[in-house]
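Pasting model26.cif here (mmCIF, C-alpha atoms and all ligand atoms):
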```cif
data_run
#
loop_
_atom_site.label_atom_id
_atom_site.label_comp_id
_atom_site.auth_asym_id
_atom_site.auth_seq_id
_atom_site.Cartn_x
_atom_site.Cartn_y
_atom_site.Cartn_z
CA MET A 1 6.69 20.56 6.66
CA ALA A 2 5.97 20.63 2.99
CA ASP A 3 4.24 23.64 1.61
CA ALA A 4 2.30 22.81 -1.55
CA THR A 5 3.17 26.18 -3.06
CA THR A 6 6.94 26.35 -2.49
CA GLN A 7 8.39 22.91 -1.84
CA HIS A 8 8.20 19.89 -4.03
CA ILE A 9 7.84 16.17 -3.44
CA ALA A 10 10.40 13.76 -4.90
CA ILE A 11 9.36 10.34 -6.20
CA ILE A 12 12.27 7.93 -6.68
CA GLY A 13 11.18 4.91 -8.73
CA ALA A 14 8.15 5.27 -10.99
CA GLY A 15 6.88 1.75 -11.58
CA LEU A 16 3.37 0.73 -10.53
CA VAL A 17 3.58 2.27 -7.07
CA GLY A 18 5.70 5.36 -7.81
CA THR A 19 3.25 6.29 -10.58
CA GLY A 20 0.37 6.09 -8.12
CA TRP A 21 2.28 8.21 -5.59
CA SER A 22 2.88 10.86 -8.27
CA ILE A 23 -0.88 11.12 -8.66
CA VAL A 24 -1.45 11.29 -4.89
CA PHE A 25 0.87 14.28 -4.42
CA ALA A 26 0.10 16.11 -7.69
CA ARG A 27 -3.64 15.72 -7.03
CA ALA A 28 -3.11 17.41 -3.64
CA GLY A 29 -1.44 20.41 -5.29
CA TYR A 30 2.26 19.60 -4.88
CA ALA A 31 4.90 19.99 -7.53
CA VAL A 32 6.33 16.50 -8.02
CA ARG A 33 9.78 15.61 -9.36
CA VAL A 34 10.13 12.03 -10.48
CA PHE A 35 13.30 10.05 -11.11
CA ASP A 36 13.37 6.48 -12.38
CA ALA A 37 16.43 4.69 -13.73
CA ALA A 38 14.46 3.21 -16.65
CA VAL A 39 11.14 5.02 -17.16
CA THR A 40 10.91 7.72 -19.85
CA ARG A 41 9.00 10.97 -19.54
CA GLU A 42 6.61 9.91 -22.32
CA SER A 43 5.77 6.54 -20.79
CA LEU A 44 5.19 8.03 -17.32
CA LEU A 45 2.98 10.82 -18.64
CA ASP A 46 1.08 8.30 -20.73
CA ARG A 47 0.39 6.11 -17.66
CA LEU A 48 -0.51 9.14 -15.54
CA SER A 49 -2.93 10.43 -18.21
CA GLN A 50 -4.68 7.09 -18.50
CA ALA A 51 -5.08 6.74 -14.72
CA LEU A 52 -6.25 10.35 -14.27
CA ASP A 53 -8.72 10.17 -17.18
CA ALA A 54 -10.27 7.08 -15.58
CA MET A 55 -10.48 8.89 -12.22
CA ALA A 56 -12.11 11.89 -13.89
CA ARG A 57 -14.83 9.60 -15.28
CA TYR A 58 -15.74 8.82 -11.64
CA SER A 59 -15.43 12.48 -10.58
CA LEU A 60 -12.45 11.58 -8.36
CA VAL A 61 -10.37 14.40 -9.92
CA ASP A 62 -11.42 17.55 -11.78
CA ASP A 63 -8.66 19.08 -13.82
CA VAL A 64 -6.46 16.35 -15.32
CA ALA A 65 -4.28 18.80 -17.29
CA THR A 66 -3.43 20.86 -14.18
CA ILE A 67 -2.54 17.76 -12.18
CA LEU A 68 -0.34 16.48 -15.02
CA SER A 69 1.40 19.85 -15.32
CA ARG A 70 2.65 19.51 -11.72
CA VAL A 71 4.69 16.38 -12.55
CA GLU A 72 8.22 16.80 -13.87
CA VAL A 73 10.52 13.93 -14.83
CA VAL A 74 14.16 14.60 -13.93
CA GLU A 75 17.44 12.89 -14.80
CA SER A 76 18.95 12.03 -11.42
CA ILE A 77 18.24 11.39 -7.77
CA GLU A 78 20.12 14.61 -7.03
CA ALA A 79 17.77 16.64 -9.26
CA ALA A 80 14.69 15.08 -7.67
CA VAL A 81 15.78 15.25 -4.02
CA THR A 82 17.52 18.65 -3.90
CA GLY A 83 15.10 21.09 -2.26
CA ALA A 84 12.35 18.48 -1.77
CA SER A 85 10.44 18.50 1.52
CA TYR A 86 9.43 14.84 1.29
CA ILE A 87 10.85 11.94 -0.69
CA GLN A 88 8.81 8.82 -1.45
CA GLU A 89 11.16 6.00 -2.47
CA SER A 90 9.50 3.28 -4.59
CA VAL A 91 12.36 1.40 -6.25
CA ALA A 92 12.61 -2.39 -6.62
CA GLU A 93 12.10 -4.54 -3.51
CA ILE A 94 15.77 -5.58 -3.26
CA VAL A 95 17.55 -4.64 -0.05
CA GLU A 96 20.83 -3.75 -1.78
CA VAL A 97 19.01 -1.47 -4.26
CA LYS A 98 17.11 0.18 -1.38
CA ARG A 99 20.40 0.65 0.49
CA GLN A 100 22.14 2.29 -2.50
CA VAL A 101 19.20 4.53 -3.33
CA SER A 102 18.73 5.55 0.32
CA ALA A 103 22.44 6.46 0.56
CA GLU A 104 22.09 8.62 -2.56
CA ILE A 105 18.92 10.30 -1.26
CA ASP A 106 20.75 10.90 2.04
CA ARG A 107 23.53 12.80 0.23
CA PHE A 108 21.16 15.40 -1.20
CA LEU A 109 18.56 15.60 1.59
CA ALA A 110 17.54 19.13 2.60
CA PRO A 111 18.02 19.81 6.35
CA ASP A 112 14.32 19.43 7.22
CA ALA A 113 13.34 16.87 4.57
CA ILE A 114 12.00 13.40 5.41
CA VAL A 115 11.95 10.13 3.47
CA GLY A 116 9.33 7.38 3.28
CA SER A 117 10.00 4.03 1.63
CA SER A 118 7.20 2.14 -0.10
CA THR A 119 8.78 -1.22 0.77
CA SER A 120 6.24 -4.01 1.16
CA GLY A 121 8.21 -5.93 3.74
CA LEU A 122 11.77 -4.76 4.31
CA PRO A 123 12.26 -3.00 7.63
CA ALA A 124 13.80 0.46 7.25
CA SER A 125 16.54 -0.69 9.62
CA SER A 126 17.77 -3.12 6.94
CA PHE A 127 18.67 -0.37 4.45
CA THR A 128 19.04 2.99 6.28
CA GLU A 129 21.54 2.16 9.03
CA GLU A 130 24.47 3.79 7.22
CA CYS A 131 22.57 6.98 6.32
CA GLU A 132 23.83 10.13 8.02
CA ASN A 133 20.23 11.37 8.34
CA ARG A 134 18.76 7.99 9.24
CA ALA A 135 16.52 9.59 11.89
CA ARG A 136 14.58 11.12 8.98
CA PHE A 137 13.95 7.83 7.14
CA THR A 138 10.89 5.66 7.76
CA VAL A 139 8.73 3.15 5.92
CA ALA A 140 5.57 4.58 4.33
CA HIS A 141 4.01 1.43 2.88
CA PRO A 142 1.05 1.95 0.53
CA VAL A 143 -1.35 -0.50 -1.04
CA ASN A 144 -1.34 -0.74 -4.81
CA PRO A 145 -2.53 1.49 -6.39
CA PRO A 146 -1.93 4.23 -3.77
CA HIS A 147 -4.05 6.80 -5.63
CA LEU A 148 -7.11 4.52 -5.24
CA ILE A 149 -6.45 2.81 -1.88
CA PRO A 150 -5.57 5.39 0.75
CA VAL A 151 -4.07 3.39 3.62
CA VAL A 152 -0.35 3.96 4.33
CA GLU A 153 1.56 2.09 7.03
CA ILE A 154 4.21 4.23 8.69
CA VAL A 155 6.79 1.93 10.28
CA PRO A 156 9.78 3.53 12.02
CA ALA A 157 13.22 1.95 12.37
CA PRO A 158 14.61 1.98 15.92
CA TRP A 159 16.51 5.18 15.04
CA THR A 160 13.67 7.00 13.26
CA ASP A 161 12.88 10.27 15.02
CA ILE A 162 9.38 10.45 16.48
CA ASP A 163 9.03 13.80 14.69
CA THR A 164 9.66 12.06 11.33
CA VAL A 165 6.76 9.74 12.06
CA ALA A 166 4.49 12.59 13.13
CA ARG A 167 5.34 14.71 10.07
CA THR A 168 4.86 11.78 7.68
CA ARG A 169 1.48 11.11 9.25
CA THR A 170 0.43 14.76 8.90
CA LEU A 171 1.56 14.88 5.28
CA MET A 172 -0.33 11.69 4.43
CA ASP A 173 -3.46 13.05 6.10
CA ASN A 174 -3.08 16.31 4.17
CA VAL A 175 -2.82 14.59 0.78
CA GLY A 176 -5.91 12.46 1.42
CA GLN A 177 -4.24 9.18 2.42
CA ALA A 178 -5.16 7.23 5.57
CA PRO A 179 -2.01 6.80 7.68
CA VAL A 180 -1.62 3.96 10.15
CA VAL A 181 1.30 4.33 12.58
CA LEU A 182 3.15 1.33 14.00
CA THR A 183 5.16 1.77 17.18
CA ARG A 184 8.00 -0.46 15.90
CA GLU A 185 9.10 -2.83 13.14
CA ILE A 186 7.44 -6.22 12.60
CA PRO A 187 7.65 -8.43 9.47
CA GLY A 188 4.66 -7.80 7.17
CA PHE A 189 3.63 -4.70 9.13
CA ILE A 190 -0.13 -4.82 9.94
CA LEU A 191 -1.87 -5.06 6.59
CA ASN A 192 0.00 -8.08 5.28
CA ARG A 193 -0.18 -9.84 8.64
CA LEU A 194 -3.98 -9.45 8.58
CA GLN A 195 -4.09 -10.51 4.94
CA GLY A 196 -1.77 -13.41 5.76
CA ALA A 197 -4.00 -14.63 8.60
CA LEU A 198 -7.02 -14.69 6.28
CA LEU A 199 -5.04 -16.39 3.50
CA GLU A 200 -3.82 -19.06 5.94
CA GLU A 201 -7.39 -19.98 6.79
CA ALA A 202 -8.54 -19.75 3.16
CA TRP A 203 -5.79 -22.14 2.03
CA SER A 204 -6.47 -24.44 4.95
CA LEU A 205 -10.19 -24.74 4.14
CA PHE A 206 -9.47 -25.13 0.43
CA GLU A 207 -6.70 -27.72 0.82
CA GLN A 208 -8.89 -29.80 3.12
CA GLY A 209 -11.65 -29.69 0.50
CA TYR A 210 -14.32 -27.88 2.53
CA ALA A 211 -15.28 -25.59 -0.37
CA SER A 212 -14.18 -24.38 -3.81
CA ALA A 213 -11.91 -21.35 -4.17
CA ALA A 214 -14.86 -19.52 -5.77
CA ASP A 215 -17.13 -20.14 -2.77
CA ILE A 216 -14.44 -19.16 -0.27
CA ASP A 217 -13.93 -15.96 -2.31
CA ARG A 218 -17.69 -15.32 -2.35
CA THR A 219 -17.74 -15.42 1.46
CA ILE A 220 -15.61 -12.29 1.37
CA SER A 221 -16.89 -10.54 -1.80
CA HIS A 222 -20.57 -10.99 -0.88
CA GLY A 223 -20.14 -11.20 2.90
CA LEU A 224 -17.41 -9.98 5.19
CA GLY A 225 -15.83 -7.72 2.58
CA LEU A 226 -18.94 -5.55 2.26
CA ARG A 227 -18.55 -4.34 5.83
CA TRP A 228 -14.77 -4.31 5.57
CA SER A 229 -14.93 -1.67 2.85
CA PHE A 230 -15.82 0.86 5.55
CA MET A 231 -15.05 -0.63 8.98
CA GLY A 232 -12.51 -2.94 10.60
CA PRO A 233 -12.79 -6.09 12.73
CA PHE A 234 -12.93 -4.35 16.11
CA GLU A 235 -15.74 -1.98 15.13
CA THR A 236 -17.52 -4.87 13.40
CA ILE A 237 -17.71 -6.96 16.57
CA ASP A 238 -18.51 -3.90 18.69
CA LEU A 239 -21.71 -3.56 16.63
CA ASN A 240 -22.49 -7.29 16.41
CA ALA A 241 -23.57 -7.93 20.00
CA PRO A 242 -26.21 -5.97 21.95
CA GLY A 243 -23.69 -4.98 24.64
CA GLY A 244 -20.82 -4.15 22.29
CA ILE A 245 -17.34 -5.63 22.02
CA GLU A 246 -17.16 -6.99 25.57
CA ASP A 247 -20.51 -8.76 25.16
CA TYR A 248 -19.35 -10.14 21.78
CA ALA A 249 -16.12 -11.43 23.31
CA ARG A 250 -18.07 -13.19 26.06
CA ARG A 251 -20.55 -14.77 23.64
CA PHE A 252 -18.25 -15.75 20.76
CA GLY A 253 -14.69 -15.58 22.12
CA PRO A 254 -14.61 -19.26 23.17
CA MET A 255 -15.76 -20.35 19.69
CA PHE A 256 -13.02 -18.34 17.97
CA ALA A 257 -10.41 -19.46 20.50
CA GLY A 258 -11.40 -23.05 19.68
CA PHE A 259 -10.67 -22.47 15.97
CA ALA A 260 -7.23 -21.18 16.89
CA VAL A 261 -6.43 -24.31 18.87
CA ASP A 262 -7.17 -26.70 16.01
CA ARG A 263 -5.78 -24.45 13.24
CA ARG A 264 -3.00 -26.43 11.60
CA THR A 265 0.19 -24.85 10.41
CA SER A 266 0.05 -23.60 6.88
CA ARG A 267 1.37 -25.66 4.03
CA TRP A 268 0.57 -23.50 1.04
CA SER A 269 1.02 -26.97 -0.50
CA ASP A 270 2.06 -27.55 -4.10
CA GLU A 271 -1.03 -29.72 -4.52
CA GLY A 272 -3.33 -27.01 -3.14
CA ILE A 273 -1.71 -24.32 -5.25
CA ALA A 274 -2.08 -26.49 -8.39
CA ARG A 275 -5.79 -27.09 -7.68
CA ALA A 276 -6.47 -23.44 -6.92
CA THR A 277 -4.59 -22.43 -10.07
CA ALA A 278 -6.64 -24.85 -12.18
CA GLU A 279 -9.89 -23.48 -10.72
CA ARG A 280 -8.87 -19.85 -11.16
CA ARG A 281 -7.56 -20.32 -14.73
CA ALA A 282 -10.79 -22.11 -15.69
CA ALA A 283 -12.73 -19.12 -14.32
CA LEU A 284 -10.32 -16.53 -15.73
CA PRO A 285 -7.76 -17.46 -18.42
CA SER A 286 -4.28 -15.93 -18.02
CA ALA A 287 -4.88 -13.77 -21.10
CA ALA A 288 -7.82 -12.11 -19.31
CA LEU A 289 -5.92 -11.21 -16.11
CA GLU A 290 -4.96 -7.73 -17.30
CA ALA A 291 -8.53 -6.86 -18.30
CA ARG A 292 -9.76 -8.14 -14.92
CA ARG A 293 -7.20 -5.90 -13.15
CA ALA A 294 -8.62 -2.94 -15.07
CA TRP A 295 -12.12 -4.07 -14.00
CA ARG A 296 -10.91 -4.22 -10.36
CA ASP A 297 -9.60 -0.66 -10.58
CA GLU A 298 -12.88 0.52 -12.10
CA ARG A 299 -14.78 -1.12 -9.21
CA LEU A 300 -12.44 0.58 -6.74
CA MET A 301 -13.10 3.96 -8.34
CA ALA A 302 -16.86 3.39 -8.28
CA LEU A 303 -16.61 2.44 -4.60
CA LEU A 304 -14.52 5.53 -3.77
CA ALA A 305 -16.97 7.71 -5.68
CA SER A 306 -19.83 6.23 -3.63
CA PHE A 307 -18.11 7.31 -0.39
CA ARG A 308 -18.13 10.97 -1.44
N1 LIG A 401 3.16 -3.59 -6.51
C1 LIG A 401 2.58 -3.62 -5.30
O1 LIG A 401 1.50 -4.20 -5.13
C2 LIG A 401 3.21 -2.89 -4.15
C3 LIG A 401 2.38 -2.48 -3.09
C4 LIG A 401 2.94 -1.77 -2.02
C5 LIG A 401 4.32 -1.51 -2.01
N2 LIG A 401 5.10 -1.94 -3.05
C6 LIG A 401 6.53 -1.63 -2.99
O2 LIG A 401 6.79 -0.49 -3.81
C7 LIG A 401 8.12 -0.58 -4.35
C8 LIG A 401 8.03 -0.52 -5.86
O3 LIG A 401 7.21 -1.58 -6.32
P1 LIG A 401 6.53 -1.57 -7.77
O4 LIG A 401 5.46 -2.59 -7.72
O5 LIG A 401 6.20 -0.18 -8.16
O6 LIG A 401 7.73 -2.12 -8.66
P2 LIG A 401 8.01 -1.81 -10.20
O7 LIG A 401 8.94 -2.89 -10.65
O8 LIG A 401 6.74 -1.58 -10.94
O9 LIG A 401 8.80 -0.41 -10.14
C9 LIG A 401 10.09 -0.25 -9.61
C10 LIG A 401 10.73 0.91 -10.36
O10 LIG A 401 11.97 1.22 -9.72
C11 LIG A 401 12.88 1.60 -10.73
N3 LIG A 401 14.22 1.45 -10.20
C12 LIG A 401 14.88 0.32 -9.87
N4 LIG A 401 16.12 0.64 -9.39
C13 LIG A 401 16.23 1.98 -9.42
C14 LIG A 401 17.24 2.90 -9.03
N5 LIG A 401 18.42 2.47 -8.55
N6 LIG A 401 17.00 4.22 -9.18
C15 LIG A 401 15.82 4.66 -9.68
N7 LIG A 401 14.82 3.83 -10.07
C16 LIG A 401 15.02 2.51 -9.93
C17 LIG A 401 12.58 0.66 -11.88
O11 LIG A 401 13.04 1.17 -13.12
C18 LIG A 401 11.06 0.55 -11.82
O12 LIG A 401 10.43 1.49 -12.68
C19 LIG A 401 8.70 -1.90 -3.81
O13 LIG A 401 9.44 -1.65 -2.65
C20 LIG A 401 7.45 -2.71 -3.50
O14 LIG A 401 7.68 -3.69 -2.52
C21 LIG A 401 4.57 -2.60 -4.13
#
```

Let's see the structure in the file written out as structure tokens.
Amino acid sequence: MADATTQHIAIIGAGLVGTGWSIVFARAGYAVRVFDAAVTRESLLDRLSQALDAMARYSLVDDVATILSRVEVVESIEAAVTGASYIQESVAEIVEVKRQVSAEIDRFLAPDAIVGSSTSGLPASSFTEECENRARFTVAHPVNPPHLIPVVEIVPAPWTDIDTVARTRTLMDNVGQAPVVLTREIPGFILNRLQGALLEEAWSLFEQGYASAADIDRTISHGLGLRWSFMGPFETIDLNAPGGIEDYARRFGPMFAGFAVDRRTSRWSDEGIARATAERRAALPSAALEARRAWRDERLMALLASFR
């Protein structure tokens, strides 16, 4: 497995997510070689500097200059992948692009190197089948931005070697991420299926007029989400009944099962989307979205700093 002193990490694709991955690995001490078909060295270093300076303000990193010095921008996939111990692919979410880039990575892969794809929803089996070293390809799906939100879903294709999964998990642990390992492929993996279930119910309540979008949001931001920033649903219910999870299931299971029975299928209706859009744009004009994203990232950094 990768040795922070002798082997480097390759980042293929340096948009939003690839930039974050560069920070994750450089912060952990790895030399990082980045290739992107369109991003220049100056623009990447500029984005990295801005992100790292913000992290330094929250004491999430110490030496910005040293971290930056570990990142090198190279001119080809070959230059990035040759000699790398781990390759994080973060190119556009288009299956044909993933297939072409995976084939190129495959050509230059060192004998013990492994590859993780950042794909949000494409199974690795849809773009690695033709790779000679397909047993060493897996999905390693982050949340944006990966340098501030540590969870990574590792999702093997049917032909991914179990050792590839184990080594990816160890690497992610070692660089400070929080790996979650799935036993097999499923659309949306775990995170987006959980997010999707919550969104289904949020849209359903909103479309039926039970509450405003702002009040539904407040239920999470000032309610459930406070606990969810440090524990998940199973631990939550284990603590919410005197006798633990089994007691909780006995007391409240029938109520929740009842909701499931009368839950209608989702519409994500045009009418509902138009109303939610009107409410959101009245609360936050489109021109202010970017500033609010920066505010969100500042809140995330403050939260991470509070966990230290
Ligand atoms: N943005 C998110 O919230 C998010 C979260 C998790 C995972 N992802 C996944 O991460 C991947 C990247 O997403 P993003 O949001 O960073 O997109 P992005 O558009 O910001 O970046 C994609 C980058 O890939 C580069 N690229 C495209 N084709 C290339 C090629 N053939 N060779 C080299 N570089 C190439 C582009 O120039 C661009 O810089 C996608 O698979 C996406 O689904 C995104």

Closest of A:Val91, A:Ala31, A:Leu226, A:Ile237 to ligand LIG 401 (chain A) - atom-to-atom distances counting only C-alpha atoms and all ligand atoms: A:Val91

Which one of A:Ala80, A:Ala213, A:Ala14, A:Leu284 sits closest to ligand LIG 401 (chain A) if you count all atoms listed in the file? A:Ala14

The centre and edge lengths of an axis-aligned box containing all atoms of region 247-259 of chain A present in the file, extended by 6 Å on each side, are to be given in Å to one decimal, as JSON.
```
{"center_x": -15.5, "center_y": -15.9, "center_z": 21.0, "size_x": 22.1, "size_y": 26.3, "size_z": 22.1}
```

Would you mind listing the residues within 9 Å of ligand LIG 401 (chain A), counting all atoms listed in the file, as number ranges by chain? A: 12-20, 35-39, 76-77, 89-94, 97-98, 100-101, 117-122, 140-146

Work out how far CA of Ser221 (chain A) is from CA of Glu207 (chain A), in Å to one decimal. 20.1 Å

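Separating CA of Leu205 (chain A) from CA of Arg267 (chain A) is a distance of 11.6 Å.
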
Could you work out how far CA of Leu198 (chain A) lies from CA of Gly253 (chain A), giving the answer in Å with one decimal?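 CA of Leu198 (chain A) lies 17.6 Å from CA of Gly253 (chain A).
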
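Comparing the minimum interatomic distances between Arg33 (chain A) and each of A:Ala202, A:Ile154, A:Leu304, A:Ile11, counting only C-alpha atoms, we find that A:Ile11 sits nearest.
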
Selection near Val71 (chain A), 9 Å with all atoms listed in the file, sequence-local residues under 4 positions removed, as a PyMOL selection string: chain A and resi 22-23+26+30-34+45+67

Using all atoms listed in the file, which protein or nucleic acid residues come within 10 Å of Gly176 (chain A)? Drop anything in the same chain fewer than 3 positions from it, and give the result as a list in words.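 My reading of the contact set: Val24, Phe25, Arg27, Ala28, His147, Pro150, Val151, Leu171, Met172, Asp173 and Pro179 of chain A.
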
A:Gly225, A:Pro233, A:Gly209, A:Pro242 ranked by distance to Ala276 (chain A), top pick (using only C-alpha atoms): A:Gly209

Counting only C-alpha atoms, which residues come within 12 Å of (20.7, 4.6, 0.3), with the point read in the file's coordinates, and could you list them as a VMD selection string? chain A and resid 12 77 89 91 94 to 109 115 117 124 to 134 137

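If you measure from each of A:His222, A:Arg227, A:Arg70, A:Arg136 to Trp159 (chain A) using only C-alpha atoms, the closest one turns out to be A:Arg136.
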
Mind checking which residues fall within 12 Å of Ala249 (chain A), counting all atoms listed in the file, ignoring those fewer than 3 positions away in the same chain, and posting them as a CSV table (one decimal) with C-alpha atoms, in the coordinates of the input?
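For reference, around_18.csv as written:
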```csv
chain,number,residue,atom,x,y,z
A,234,PHE,CA,-12.9,-4.4,16.1
A,236,THR,CA,-17.5,-4.9,13.4
A,237,ILE,CA,-17.7,-7.0,16.6
A,238,ASP,CA,-18.5,-3.9,18.7
A,239,LEU,CA,-21.7,-3.6,16.6
A,240,ASN,CA,-22.5,-7.3,16.4
A,241,ALA,CA,-23.6,-7.9,20.0
A,242,PRO,CA,-26.2,-6.0,22.0
A,243,GLY,CA,-23.7,-5.0,24.6
A,244,GLY,CA,-20.8,-4.2,22.3
A,245,ILE,CA,-17.3,-5.6,22.0
A,246,GLU,CA,-17.2,-7.0,25.6
A,252,PHE,CA,-18.2,-15.8,20.8
A,253,GLY,CA,-14.7,-15.6,22.1
A,254,PRO,CA,-14.6,-19.3,23.2
A,255,MET,CA,-15.8,-20.4,19.7
A,256,PHE,CA,-13.0,-18.3,18.0
A,257,ALA,CA,-10.4,-19.5,20.5
```
